[in-house]
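Enquirer: My questions all concern the structure below.
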Amino acid sequence: MWQTIWFIIRSTIISSAPIGYAALGGVFNERSGVVNIALEGILLVSSFGYVAGAFFGHSAWWGLFWGIMAGLLLSLIHAVATVTFKINHIVSGVALNTIAIGVTRMLSLVMFGQETQSKTNSYTQIFGMDIQWLVALMLFLVIAPLSYWLLFKTSLGLRLRSVGENPEAADSLGISVEKMRYTGVLIGGVIASLGGIALYPTIWQSGISGGRGFIGLASMILGNWMPIRSVLASTMFGFADAIRLLDFVKAYIPDEFLTALPYVLVLVVLAGLIGKARPPRADGVPYVRGE
Amino acid sequence: MPGDIILKMENITKRFPGVLANDHINFDLREGEVHALVGENGAGKSTLMKILYGLYHPDEGTIYIKVDGELKPVKFKNPQDAIKHGIGMVHQHFMLVYGLTTIENIILGYEPSAVIDFDTAKKEIQKIMDESGLHVPLDVDVEVLSVGQQQRVEILKVLYRKAKILILDEPTAVLTPQETDELFNIINRLKEQGHSIIFISHKLHEVMAIADRISVMRKGRLVHTMPKSEATKEKIAELMVGHPVLLDVPRPNVTPGETILEVENLTVESDTKGVMAVDNVSFYIRAGEIYGIAGVEGNGQAELIEAIYGLRPPKGGKITIKGEDITGKPTHVIRKKGVSHIPGDRHKFGVFLPFTLADNSILGHHREENFAKYGIFRKFSNIAQWAREIIKKFDVRTPSEKVPMSALSGGNQQKFVVGREISFEHELMIAAHPTRGVDIGAMEFIYRQLFEEKKQKKAILLVSADLDELLLLSDRIGVMFKGKIIKELDNTSRQVTPKEVGYYMLGGDVEIHEDSDIAGGEQSA
Amino acid sequence: MPKKKTNNIKYFLLSLVAPVVGILISAILLFFLILLIRKGSISDTIHAFYIMGQTLTSTQDLGYIIARAEPLVISGIAAAIAFRAGVFNIGTEGQYYIGGLVASIYAIYFSFKSPSLHWLNVIFVVIFAMLGGALWALIPAILKVKKGVHEVITTIMMNQIAYTTAKYFVNGPLSGVKGGESLEPKTMNFPAAVDFHRLYDIFHGHFPFPKYIPLYESLFIAAIIVFVAYIIIFYTNWGFEIEMLGTNPNATKYSGVPPKVVVFNAMLWSGAIAGLINIQEIFGIKGYYTHHMTSGLGFDGIAVALIGYNNPIGVVLAAFLFGFLRTAGYNLQFELGIPNSTMDLITGFIIIVMVIASVAMNRYISKLRRKEVLSEAGDR
Amino acid sequence: GQSQTSNQNSGGQASGEPKLKVGVVFDIGGRGDKSFNDSAYRGLVKAAKELGGYIKDDPDNVNYGTNIEMKYLEPKQGGSDREQLLRKLAENGYDLVIGVGFAFTDAIKNVAKDFPNVHFAIIDSCYSPDEHPANVTCLLFKEQEGSFLVGAIAGYKTETNKIGFIGGMDIPLIRKFMVGYEAGAMYVNPELRKDGAIMTAFVSDDPGQAWNNPPKGKEIAISQYDQGADIIYHAAGGTGMGVFEAALEKNKWAIGVDSDQGLILATSDQEKDREMAKHIITSMLKRVDTAVYTIIKEMYDNGKVDAKVMEFGLKENGVGYAYNDYNKDLLDPIKPQVDELKQKIINGEIKVPATDDELQQFKASLGQ
Ligand SMILES: Nc1ncnc2c1ncn2[C@@H]1O[C@H](COP(=O)(O)OP(=O)(O)OP(=O)(O)O)[C@@H](O)[C@H]1O
Ligand SMILES: Nc1ncnc2c1ncn2[C@@H]1O[C@H](COP(=O)(O)OP(=O)(O)OP(=O)(O)O)[C@@H](O)[C@H]1O
Ligand SMILES: [Mg+2]
Ligand SMILES: [Mg+2]
């Protein structure tokens, strides 16, 4: 019995972490007014970045560095496309997800000689601790509270939120909307990258992100664009993912039901049947001065 | 009382595509004075102020600011630069971030430190509130504050930034008379504390009441600056429009016919749930009659029109056209029953800027057999023919009906909209601010068209912020105050005075001071 | 548009700048990618471009380009209809899963078994696929109209639910996996009277492409959709009202056109057409339904619509560009071992570059227009 | 098989036209999965070596002559283009086209119809006799037999008397692995006949998530180890790497599948691989390489193969258990017993169950 409970707990933490990071990344993006469905792609490239970085750099630190760089780079493209060039956020996200799949597979072939998976990376420890666990626990113990603090207790957070709600007003106060949106997208990108690292530091495989970026978006909505609530929502999905393997769950609940549940829940919440979700007012709306 | 010049704008020029918004403007401000800036819609007031505030960059010209007792040229890259030089602006449209609390809104962009110490900030703001008399709750979402409170937040924002120069762009447009009085008290208090204030308004009585000096803008140029002692309302009005005011278009004599529009006990909810924007309103309009609605903006005029036009379902009451009940019917049905509408904001409601004039000429009637086979397949040649007729009849200056609407000047756009709405078969014309932002020539043209309508035995519901326009055109005037028509005045022989209307616009129980002419109207035309 | 405009040709040429720039920049990127993969061999890289060029000259490859463009044409039109109304239906992805599923249920349980009634089956397949797609667009449409919930969020959720729903039906009620046979999850096979006929068989000898090119009757359906969409968009009041809404919702309301009704209809029609996106694969190539069919066609269609300026003709051109990229991609993979993922990368890149370029060009064009007309009118 | 079009091979190999062209399409796991697809790849290498051929565009440049040209392709993520790749090979004059994995069942059937002159082979799947295309050969394995032997090894080696199994997907094919494993374990160790002594789990119902999901594999394995298992057998493709990592972390045992995963990892240039290898007792060998080599050789020798079903069991050396330099010390004490079991199966003395029902009967026949 206690083993089952222990399994559920640890499995929930491990399964939630990438989703939770994606959700937090989404919070920073959307709080600044940028819709980012490329979170899925960020998970994928940062996962690749970690494995390749650690593999060739012979150290988990290099993995961390390249994992974050990879996610950051993808985010940067999104920021340039949506904030500077003001193209539709969804289109940029869709394109970046495609690019993420392509670029990882291509680099895998070039770097590892095989397209669908990397070689095994031996460097998965930092300070003698397993990096996957370290990063996963960091989410709950450090990153989530820190994100809350950053968004609600600092001037940066205040400015970030203001451009997501009313960029014109922020602009009128001398806050650079573009700069703030870049900040939101890039901070969000770094955070989501940690999710890619929490995914599986040993091996990268094509398709390893498995839709977790989208579940992260769902968590973000269920968490009403609040950092801690979004992370908590992600643990719900992690929990569903953990228990679906248990025999007694399998016996009574169809797997499809568990898979669909999070998304149905989002729709129910959005319909106002449970609670209330309100996106930032200028979410996804390009800002052009003097309209 | 006012001191030295602390701000000078020299030869400021700003062009927008197709518009010369500011044309070599010279403007200055003294310490401790209220300098009023007046002018018609689109004269370039806001543009000039946005340049001063660093939001726009002038194409030409220099700004000088007094630094360490000396006027020095400055270049503002962005508002932050302007704020640093002690300039603060309260915008025509509030620049508040809903979703943030009052205190967050106040400190936004000027936070005391990277990690915000809310307690200290609160203390500081409390001090400013006590000094200025501007009190607002600090820990609520600004969204829930009343309009007056929101404006106080705007002023607090400016004071929190330690601005010495305050720009108030049409601060009274959205205020009730009491709130306006309060604002004036505050302005006077700020003045005493050494602040300098630029005050923008269309309302001449306000300007006369609060300003020390007055500058008048017309069509992008600053035409005259004078101390209050030299100013009269008539003089300002003349400067604003460029010639002696009070257009006189002869009003045709028409005996009213049958009742066209009848509104009984109409009640309409505003955007805020539970608040009635229109409260138990009843009136009627007969054929050949112009019924004017007067009132300070925001007293339910917009909602009244929306209810009659089918855009806002009424909460109670009844609306009939020629005896037929149209209450709660959708707009397209109501249009079919013979209602035409010149909307108040043409860009937002009246036209599709990227569409051609031809496409713009049939809006709302595009499904009629004349314009579409079976109501579906569009008849392009008929549509073009129709548009050309409007263009010709209403003297719209355009190369052809094939150009996009956005290519026309505002006045011509308005003429086109007026022409379109008149050209459709109708019994009732709802005209909202039909001359807003158009020049004098076009204005007169539109007046003549409305009188022509009257001769054709149409019923006309006129809503205008321009009192002179109302008095000139209307046979009867209903004055709206807080959602009610508190007084209906007979104006068949133009006997109503602006003062009378003004009295009721403020609720009918406010004392009128001899020198404060509340009936100045928004736009003396 | 059918309306003549001043300087039409100039503006038409200007509108081509974005695609040309996009393709050029992407070609440069592709050059370096191939150089990287082929470990710096310039001659290989040039050969790769030669192979891509050959794709356009081989009849077999042209056949594939058409076959691969076909679903994207439908997908692009579906997306474009919504976009024109200002509705961002990114749910086409889920809508085609469900459209295909509903049509499959028809095919398995209710279709006519007589081969002579094949044409009726085709019509019903189309109807049911459209119903299914519309059904899946219904919830986002209702939530948008009634609750003001943004359709992007809801359609992302609906996409995920669609996949799971399809999976449930394939593994459950419709399961066609028999012991000892294929272990790939799929439904029962459709009756032969439903399976789409190959164009090769229909036209016997008078068909330019080899028999094995997967071109089916569904090509006609795609063509009909393009034609009808073109007529509706540019010649009818439905298209006009959609355009009104997409341009200025407020003025639409004031014109007596209820925005909610237009949004609702646009969303449903977009969904209905989206339901047809993959009938080529389901009823032509496969002859059964599986949730493991080609995915991502909905997302590709969004890109196709945007690159094609939401114009049916533009959509067709953009879809052919994609079809070409895919086909060339397989040739590169086959001939030079350049992984197909390179083409994914390039496709994504082209989308971003082209959309950026077209946004910039559109701004420039409208500025130019305004200047021109103002000077013509002699009015300021 | 005749070439339909003659596209020149531009991969750099010189000299004359090959006598035979063989195309292979891997499944999503692709090359480098250290398991199923890699095993198929070794079949190509063996064919190249033995028959004098080369693999086109191969990163390792396998080249032993020009008799046979071999080429493999990998589908894109999600695998929706398997059929397109088969076609590409068939169109371009490949005489024998092999689909590696059951996911190719329908794709091969469709393509085979369009290219009657090309011969096809499919691994792990087949068709009902009335639907079997005339140009397709099925290559099937008796996975249960090999699994029986590794099950027996687990039965001998377990110290906790608890063992585990992790399958990629709950499908009949994978159940063959599971059932054989359980039967072997129960056969040699009565303790394992108790309820709950053998823990079983499947990774996912979604093929996109089943075979390349090492994070999940690791989680499940840790859970089974935590519940007392000391040996886990996986039949989950790439997901298995997670199982090995769990074994390493928990200092327990794992059993590999398809390839000799212990050997592959033990000889890897990655330290972590070598560490994990120390925790792999053995692997159930599914000689996809043998099957691939056999069909290529037959095609090469005869110029054709029949539309038949080839089954590879213990007898045909198509399945087995891995015994190598690295696990030799571990296995030597029980090797005689295991080999005896193998002989019994080959003789038909032990009939290895392949389905759940058969397993129940088998269990009943063991008593207790
Ligand atoms: N960002 C802009 N782009 C283009 N034209 C503009 C822009 N802002 C203002 N204009 C134009 O410049 C002119 C002056 O506008 P401005 O807002 O300064 O007028 P205003 O005097 O403040 O009018 P109002 O009393 O209506 O506020 C108008 O013709 C307006 O249409
Ligand atoms: N904020 C804005 N952004 C872009 N263009 C604007 C903006 N405001 C106004 N315009 C454009 O500037 C033009 C001028 O607008 P406005 O309403 O001030 O008329 P106007 O130039 O004064 O015309 P007229 O001389 O007929 O009165 C309009 O045609 C409009 O398209
Ligand atoms: Mg203004
Ligand atoms: Mg004007």
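Following the order of the structure tokens, first chain is A, next is B, and so on, with residues numbered from 1 inside each chain and ligands from 1 in the order they appear.
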So which residues touch segment 230-232 of chain C within 12 Å, counting only C-alpha atoms, skipping near sequence neighbours fewer than 6 positions away, as a PyMOL selection string?
Expert: (chain B and resi 376-378) or (chain C and resi 1-2+77+80-81+84+223-224+238-243+266+269+310-316)
Enquirer: Taking only segment 51-229 of chain A into account, list the residues labelled helix (DSSP H, G or I) by DSSP (computed from the backbone), as a VMD selection string.
Expert: chain A and resid 51 to 57 60 to 84 89 to 112 131 to 153 155 to 165 167 to 172 177 to 199 212 to 222 227 to 229
Enquirer: Any residue with an atom at most 10 Å from ligand 4 counts, using only C-alpha atoms and all ligand atoms. Which are they? Put them as a short mmCIF file (atom, residue, chain, number, x, y, z; two decimals) with all heavy atoms, in the first residue's frame.
Expert:
```cif
data_model
loop_
_atom_site.label_atom_id
_atom_site.label_comp_id
_atom_site.auth_asym_id
_atom_site.auth_seq_id
_atom_site.Cartn_x
_atom_site.Cartn_y
_atom_site.Cartn_z
N VAL B 19 -2.49 64.22 -42.93
CA VAL B 19 -2.94 65.26 -42.01
C VAL B 19 -1.74 66.04 -41.49
O VAL B 19 -0.73 65.44 -41.10
CB VAL B 19 -3.65 64.65 -40.78
CG1 VAL B 19 -4.30 65.74 -39.96
CG2 VAL B 19 -4.66 63.61 -41.19
N ALA B 21 -1.11 67.67 -38.46
CA ALA B 21 -1.79 67.75 -37.17
C ALA B 21 -1.33 68.95 -36.36
O ALA B 21 -2.12 69.58 -35.67
CB ALA B 21 -1.58 66.45 -36.38
N GLU B 40 -11.48 72.78 -31.98
CA GLU B 40 -12.45 71.77 -32.38
C GLU B 40 -11.83 70.38 -32.34
O GLU B 40 -10.62 70.22 -32.21
CB GLU B 40 -12.89 72.03 -33.82
CG GLU B 40 -13.72 73.26 -34.01
CD GLU B 40 -14.31 73.26 -35.41
OE1 GLU B 40 -13.65 73.75 -36.33
OE2 GLU B 40 -15.44 72.74 -35.56
N ASN B 41 -12.69 69.40 -32.53
CA ASN B 41 -12.18 68.04 -32.66
C ASN B 41 -11.18 67.99 -33.81
O ASN B 41 -11.44 68.52 -34.89
CB ASN B 41 -13.30 67.04 -32.99
CG ASN B 41 -14.29 66.92 -31.85
OD1 ASN B 41 -15.44 67.27 -31.99
ND2 ASN B 41 -13.81 66.43 -30.74
N GLY B 42 -10.07 67.36 -33.56
CA GLY B 42 -9.11 67.19 -34.63
C GLY B 42 -8.24 68.40 -34.87
O GLY B 42 -7.48 68.44 -35.83
N ALA B 43 -8.33 69.40 -34.00
CA ALA B 43 -7.54 70.61 -34.21
C ALA B 43 -6.07 70.34 -33.96
O ALA B 43 -5.21 71.09 -34.43
CB ALA B 43 -8.05 71.72 -33.29
N GLY B 44 -5.77 69.32 -33.19
CA GLY B 44 -4.37 68.98 -32.97
C GLY B 44 -3.92 69.15 -31.53
O GLY B 44 -2.73 69.10 -31.24
N ARG B 218 -6.66 75.81 -34.27
CA ARG B 218 -7.57 75.53 -35.38
C ARG B 218 -6.81 74.84 -36.49
O ARG B 218 -5.79 75.33 -36.97
CB ARG B 218 -8.20 76.83 -35.89
CG ARG B 218 -9.21 76.58 -37.01
CD ARG B 218 -9.97 77.83 -37.39
NE ARG B 218 -9.15 78.73 -38.19
CZ ARG B 218 -8.92 80.00 -37.88
NH1 ARG B 218 -9.44 80.52 -36.79
NH2 ARG B 218 -8.17 80.75 -38.67
N LYS B 219 -7.31 73.70 -36.90
CA LYS B 219 -6.72 72.96 -38.02
C LYS B 219 -5.21 72.85 -37.93
O LYS B 219 -4.49 73.19 -38.87
CB LYS B 219 -7.11 73.61 -39.35
CG LYS B 219 -8.60 73.67 -39.55
CD LYS B 219 -8.99 73.21 -40.92
CE LYS B 219 -10.44 72.72 -40.88
NZ LYS B 219 -10.94 72.16 -42.09
N GLY B 220 -4.73 72.47 -36.78
CA GLY B 220 -3.31 72.21 -36.63
C GLY B 220 -2.47 73.44 -36.32
O GLY B 220 -1.28 73.32 -36.11
N SER B 409 -10.83 62.01 -46.84
CA SER B 409 -10.65 62.80 -45.63
C SER B 409 -11.88 62.61 -44.74
O SER B 409 -12.93 62.19 -45.19
CB SER B 409 -10.49 64.27 -45.99
OG SER B 409 -11.75 64.81 -46.28
N GLY B 410 -11.69 62.95 -43.47
CA GLY B 410 -12.76 62.71 -42.51
C GLY B 410 -14.07 63.37 -42.89
O GLY B 410 -15.14 62.77 -42.77
N GLY B 411 -13.99 64.61 -43.34
CA GLY B 411 -15.22 65.32 -43.68
C GLY B 411 -15.95 64.64 -44.82
O GLY B 411 -17.17 64.53 -44.82
N ASN B 412 -15.18 64.19 -45.78
CA ASN B 412 -15.81 63.52 -46.91
C ASN B 412 -16.37 62.16 -46.51
O ASN B 412 -17.40 61.73 -47.02
CB ASN B 412 -14.82 63.38 -48.05
CG ASN B 412 -14.70 64.69 -48.83
OD1 ASN B 412 -15.71 65.23 -49.27
ND2 ASN B 412 -13.50 65.22 -48.92
N THR B 435 -22.16 66.14 -37.17
CA THR B 435 -21.13 67.03 -37.73
C THR B 435 -19.82 66.96 -36.96
O THR B 435 -18.97 67.83 -37.11
CB THR B 435 -21.63 68.49 -37.72
OG1 THR B 435 -21.93 68.85 -36.37
CG2 THR B 435 -22.85 68.66 -38.57
N ARG B 436 -19.67 65.94 -36.14
CA ARG B 436 -18.45 65.85 -35.32
C ARG B 436 -17.23 65.75 -36.22
O ARG B 436 -17.12 64.91 -37.09
CB ARG B 436 -18.55 64.61 -34.44
CG ARG B 436 -17.48 64.56 -33.39
CD ARG B 436 -17.71 63.42 -32.42
NE ARG B 436 -18.28 63.91 -31.18
CZ ARG B 436 -18.60 63.11 -30.17
NH1 ARG B 436 -18.47 61.81 -30.30
NH2 ARG B 436 -19.08 63.61 -29.06
N GLY B 437 -16.32 66.66 -35.99
CA GLY B 437 -15.04 66.58 -36.71
C GLY B 437 -15.08 67.01 -38.15
O GLY B 437 -14.16 66.74 -38.89
N VAL B 438 -16.16 67.65 -38.58
CA VAL B 438 -16.16 68.10 -39.97
C VAL B 438 -16.02 69.62 -40.01
O VAL B 438 -16.32 70.31 -39.04
CB VAL B 438 -17.44 67.66 -40.74
CG1 VAL B 438 -17.63 66.17 -40.61
CG2 VAL B 438 -18.65 68.43 -40.26
N ASP B 439 -15.58 70.12 -41.14
CA ASP B 439 -15.35 71.56 -41.19
C ASP B 439 -16.67 72.30 -41.42
O ASP B 439 -17.71 71.73 -41.67
CB ASP B 439 -14.31 71.91 -42.24
CG ASP B 439 -14.76 71.50 -43.63
OD1 ASP B 439 -15.97 71.54 -43.91
OD2 ASP B 439 -13.89 71.15 -44.45
N ILE B 440 -16.57 73.60 -41.32
CA ILE B 440 -17.76 74.45 -41.34
C ILE B 440 -18.60 74.24 -42.60
O ILE B 440 -19.82 74.13 -42.56
CB ILE B 440 -17.30 75.92 -41.21
CG1 ILE B 440 -17.08 76.28 -39.76
CG2 ILE B 440 -18.22 76.86 -41.90
CD1 ILE B 440 -18.31 76.26 -38.91
#
```
Enquirer: Show which residues sit within 12 Å of Leu137 of chain A, as a compact mmCIF listing (two decimals) with C-alpha atoms, in the first residue's frame. Count only C-alpha atoms, and ignore same-chain residues fewer than 2 positions away.
Expert:
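Once written, result_5.txt looks like this:
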```txt
# COMPACT_ATOMS: atom_id res chain seq x y z
CA ARG A 10 7.09 10.45 -6.92
CA THR A 12 3.25 12.70 -9.90
CA ILE A 13 6.20 14.96 -9.17
CA ILE A 14 8.26 13.65 -12.06
CA SER A 15 5.35 13.74 -14.53
CA SER A 16 4.18 17.17 -13.40
CA ALA A 17 7.50 18.94 -13.59
CA PRO A 18 7.75 19.37 -17.37
CA GLY A 20 4.41 22.70 -14.65
CA TYR A 21 7.45 24.38 -16.15
CA MET A 129 22.17 14.93 -7.16
CA ASP A 130 20.14 13.59 -10.02
CA ILE A 131 19.44 16.59 -12.20
CA GLN A 132 16.00 15.39 -13.21
CA TRP A 133 14.92 15.29 -9.60
CA LEU A 134 16.74 18.42 -8.71
CA VAL A 135 15.03 20.37 -11.47
CA LEU A 139 9.85 23.82 -9.61
CA PHE A 140 7.78 23.35 -6.52
CA LEU A 141 10.22 24.61 -3.94
CA VAL A 142 11.89 27.49 -5.75
CA ILE A 143 10.76 28.39 -9.23
CA ALA A 144 7.03 28.57 -8.64
CA LEU A 194 13.87 23.71 -17.45
CA GLY A 195 10.80 21.62 -18.21
CA ALA A 198 13.20 17.72 -16.32
CA VAL A 231 1.82 24.65 -11.18
```
Enquirer: Can you pull out every residue with an atom within 10 Å of ligand 1? Use only C-alpha atoms and all ligand atoms and format it as number ranges by chain.
Expert: A: 288-291; B: 14-22, 37-51, 56, 91-93, 169-170, 200-202, 217-220, 409-410, 436-437, 522-523
Enquirer: Skipping near chain neighbours, those fewer than 3 positions away, what residues fall within 8 Å of Ala277 of chain A using only C-alpha atoms, listed as an mmCIF file with C-alpha atoms, in the first residue's frame?
Expert:
```
data_model
loop_
_atom_site.group_PDB
_atom_site.id
_atom_site.type_symbol
_atom_site.label_atom_id
_atom_site.label_comp_id
_atom_site.auth_asym_id
_atom_site.auth_seq_id
_atom_site.Cartn_x
_atom_site.Cartn_y
_atom_site.Cartn_z
ATOM 1 C CA ILE A 221 -5.598 28.355 -18.038
ATOM 2 C CA LEU A 222 -6.877 26.226 -15.187
ATOM 3 C CA ASN A 224 -6.010 31.323 -14.202
ATOM 4 C CA VAL A 269 -13.851 26.218 -16.557
ATOM 5 C CA LEU A 270 -13.805 28.497 -19.580
ATOM 6 C CA GLY A 272 -17.818 29.490 -16.520
#
```
Enquirer: Please identify all polymer residues within 12 Å of Ala107 of chain C, counting only C-alpha atoms, omitting same-chain residues fewer than 6 positions from it, and present them as JSON, numbers by chain.
Expert: {"C": [100, 101, 113, 118, 120, 121, 122, 123, 124, 125, 126, 127, 128, 129, 174, 187, 188, 189, 190, 191, 192, 193, 194, 195, 196, 279, 282, 283, 287, 288, 289]}
Enquirer: Provide the atom CA of Leu263 of chain D to atom CA of Ala54 of chain A distance in Å, to one decimal place.
Expert: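 According to the coordinates, atom CA of Leu263 of chain D and atom CA of Ala54 of chain A are separated by 24.1 Å.
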